[in-house]
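First comes the structure, then the notes that go with it.
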Amino acid sequence: MMLKVLSLILCFISLASFCDVVGDRKNRLKVEYGSININGKFYNLDPNFKRGKFSVVFPFIAKRIFEMIFGGGAERRRCDFEIVKFDEESYKKKNPTNKITWIGHSTFLVQMDGVNFLTDPIFSMKAGPFGNKIGSKRYVPPALEIKQLPKIDFVIISHNHYDHLDISSLKKIVELNPEVKIFIPLGVKKLFDEEGIGKNAVELDWWDEFEFKGLKIIFTPTQHFSGRWLNDSNESLWGGYVVVGSRRFYFAGDTGYFFGFKLIGDVLGPFDIVCLPIGAYEPAEMMRPVHMNPEEAVKAYLDLKGKIFCAMHWGTFDLSDERCDEPPRRLLEHVKKLNLDEGNFKVFKHGETMEW
């Protein structure tokens with residue numbers, strides 16, 4: 001009996017020591033790899049980070065404007081996507097399972113330990129500063145309507161680009177869920193206050209933690225940028241999220257490949273699910289610093305020590321030059337080439353739900 005008691009005591013001491021070590025590492029990360037703000041502008045962790053050259057960016061934008069006015073690019077956008085009917089009742093069961101539904105782009109509905117949350121919800125038909133009049137157009141409509149959603153407990157927003165922070169969608173979600181918490185990066189609350197939903201917002205810096213309804217929400221670095229107009233570039237932060245409950249969930253938001261994935265995997269992993277972007281990578285000279293191609297996304301998945309890879313940021317908005325259905329083909333070809341378990345790589349149909 002005494003030996004059992006001593007064993008339990010040693011077990012608790014070991015667990016406490018482990019928690020202290022993990023906590024200490026996270027504190028060191030906040031010091032060594034915390035957000036960088038100089039004169040009101042945020043910067044990526046990689047000191048060699050550079051955006052695409054003007055000689056590449058300008059022709060890309062000019063071509064898009066030309067297509068918007070005169071037409072073009074139809075072949076790039078010609079994809080036959082299936083929309084799966086959303087099973088509303090499955091999210092209302094008294095003994096819920098953990099599940100995830102891809103609504104489109106970077107928008108997932110996730111249920112973990114009976115708590116429902118959304119990632120970067122956008123239900124608008126276009127992404128841009130002019131509502132549904134001008135902007136990047138969807139290939140397919142959202143897989144479900146906001147009114148079909150179950151009760152939403154919280155929302156995570158990765159950054160303030162229009163295809164990730166959609167004020168119209170957020171206002172409707174708040175209207176239906178007045179107590180919903182919306183986790184946002186530093187610098188975004190000003191916009192929320194202007195739009196009348198600031199009371200729902202919780203601003204987070206990189207490595208900040210927030211306990212909510214039995215889950216731990218941690219905001220983590222990514223490699224990207226922010227801005228909603230010409231004069232506010234990088235005035236707010238960007239990042240991904242770790243959600244910890246009975247399982248571990250990672251959402252990358254929008255990002256290029258960078259060394260931070262290994263840091264996150266080493267300290268906060270392994271993860272049961274990692275949601276990683278695989279689209280909007282052409283032209284590479286412009287996109288690669290801030291968006292991952294499928295091969296880079298697999299590298300990030302391995303760095304993060306993920307189990308199930310959930311593909312996102314493809315097949316929804318016309319954002320880049322690759323054909324709309326190319327990213328998942330490249331992803332699965334690369335997975336096969338590396339002899340990884342293809343069953344662990346999930347390419348959802350729009351509206352499809354998976355238990356995890």
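Chains: A, B, ... in order of the structure tokens. Residues: from 1 per chain. Ligands: from 1, in order shown.
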key: Those of region 72-312 of chain A in DSSP alpha helix (DSSP H), formatted as JSON, numbers by chain   = {"A": [74, 75, 76, 77, 167, 168, 169, 170, 171, 172, 173, 174, 175, 176, 189, 190, 191, 192, 193, 194, 260, 261, 262, 263, 264, 265, 266, 267, 268, 284, 285, 286, 287, 294, 295, 296, 297, 298, 299, 300, 301, 302, 303, 304]}
task = Excluding region 198-214 of chain A and any residue of its chain fewer than 5 positions from it, enumerate the residues within 8 Å of it, using only C-alpha atoms, and give them as a list of chain:residue names.
result =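 Near neighbours after the sequence-gap exclusion: A:Lys26, A:Leu29, A:Lys30, A:Gly34, A:Ser35, A:Val115, A:Val174, A:Glu179, A:Val180, A:Lys181, A:Ile182, A:Phe183, A:Ile184, A:Pro185, A:Leu186, A:Gly187, A:Val188, A:Lys189, A:Lys190, A:Leu191, A:Phe192, A:Asp193, A:Phe219, A:Thr220, A:Pro221, A:Leu237, A:Gly239, A:Gly245.
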task = Rank A:Ile264, A:Ile197, A:Leu165, A:Cys275 by their smallest atom-to-atom distance to Tyr33 (chain A), using only C-alpha atoms, and report the top residue only.
result =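 Checking each candidate against Tyr33 (chain A), we get A:Ile264 as the closest.
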Residue nearest Gly260 (chain A) among A:Val84, A:Val274, A:Leu118, A:Leu45 (counting only C-alpha atoms) =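 Looking at the shortest contact to Gly260 (chain A), the residue is A:Leu45.
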message = I need the residues of region 172-263 of chain A that end up classed as strand (DSSP E or B) by DSSP on the backbone, written out as a list in words.
response =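 Those residues are Lys181, Ile182, Phe183, Ile184, Pro185, Ala201, Val202, Glu203, Leu204, Glu209, Phe210, Glu211, Phe212, Leu215, Lys216, Ile217, Ile218, Phe219, Thr220, Gly240, Tyr241, Val242, Val243, Val244, Arg248, Phe249, Tyr250 and Phe251 of chain A.
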Could you give me, as a Markdown table, every region 247-332 of chain A residue with an atom at most 12 Å from region 50-63 of chain A, plus its closest atom pair and distance in Å to one decimal, counting only C-alpha atoms, rows ordered by chain then number?
| residue | atom | partner | partner_atom | distance |
| --- | --- | --- | --- | --- |
| A:Gly256 | CA | A:Arg51 | CA | 10.8 |
| A:Tyr281 | CA | A:Gly52 | CA | 11.9 |
| A:Glu282 | CA | A:Phe60 | CA | 9.8 |
| A:Pro283 | CA | A:Val56 | CA | 8.0 |
| A:Ala284 | CA | A:Gly52 | CA | 8.8 |
| A:Glu285 | CA | A:Gly52 | CA | 5.9 |
| A:Met286 | CA | A:Gly52 | CA | 4.1 |
| A:Met287 | CA | A:Gly52 | CA | 7.0 |
| A:Arg288 | CA | A:Gly52 | CA | 8.2 |
| A:Pro289 | CA | A:Arg51 | CA | 6.2 |
| A:Val290 | CA | A:Arg51 | CA | 7.7 |
| A:His291 | CA | A:Arg51 | CA | 10.9 |
| A:Leu319 | CA | A:Phe60 | CA | 10.4 |
| A:Ser320 | CA | A:Phe60 | CA | 8.6 |
| A:Asp321 | CA | A:Phe60 | CA | 8.7 |
Just C-alpha atoms for this one: save the residues we selected as an mmCIF file, in the first residue's frame.
data_model
loop_
_atom_site.group_PDB
_atom_site.id
_atom_site.type_symbol
_atom_site.label_atom_id
_atom_site.label_comp_id
_atom_site.auth_asym_id
_atom_site.auth_seq_id
_atom_site.Cartn_x
_atom_site.Cartn_y
_atom_site.Cartn_z
ATOM 1 C CA GLY A 256 3.940 30.892 -45.763
ATOM 2 C CA TYR A 281 0.478 29.774 -54.425
ATOM 3 C CA GLU A 282 0.874 31.025 -58.029
ATOM 4 C CA PRO A 283 2.716 33.116 -59.126
ATOM 5 C CA ALA A 284 5.255 31.654 -56.702
ATOM 6 C CA GLU A 285 7.528 34.724 -56.797
ATOM 7 C CA MET A 286 4.679 36.732 -55.273
ATOM 8 C CA MET A 287 2.839 34.163 -53.177
ATOM 9 C CA ARG A 288 5.501 31.922 -51.652
ATOM 10 C CA PRO A 289 6.549 34.251 -48.794
ATOM 11 C CA VAL A 290 2.944 34.385 -47.486
ATOM 12 C CA HIS A 291 1.155 31.267 -48.820
ATOM 13 C CA LEU A 319 -7.161 34.368 -55.416
ATOM 14 C CA SER A 320 -4.273 33.166 -57.577
ATOM 15 C CA ASP A 321 -3.140 31.730 -60.907
#
ask   = Of the candidates A:Val155, A:Met68, A:Ile134, A:Val267, which one gets nearest to Asp120 (chain A) if we count only C-alpha atoms?
value =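 Going through A:Val155, A:Met68, A:Ile134, A:Val267 one by one, the smallest distance to Asp120 (chain A) is for A:Val155.
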request  = Considering only C-alpha atoms, state which residue in the set A:Phe81, A:Tyr250, A:Phe130, A:Phe42 is at the smallest distance from Ser226 (chain A).
outcome  =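 Of all the options, A:Phe42 lies closest to Ser226 (chain A).
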query = A:Thr316, A:Trp238, A:Arg323, A:Glu195: which is nearest Gly73 (chain A), counting only C-alpha atoms?
reply =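 Once distances to Gly73 (chain A) are computed over only C-alpha atoms, the minimum belongs to A:Arg323.
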query = For Gln148 (chain A), which of A:Glu88, A:Glu32, A:Glu82, A:Asp46 is the closest residue, counting only C-alpha atoms?
reply =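 With only C-alpha atoms as the atom set, the closest residue is A:Glu88.
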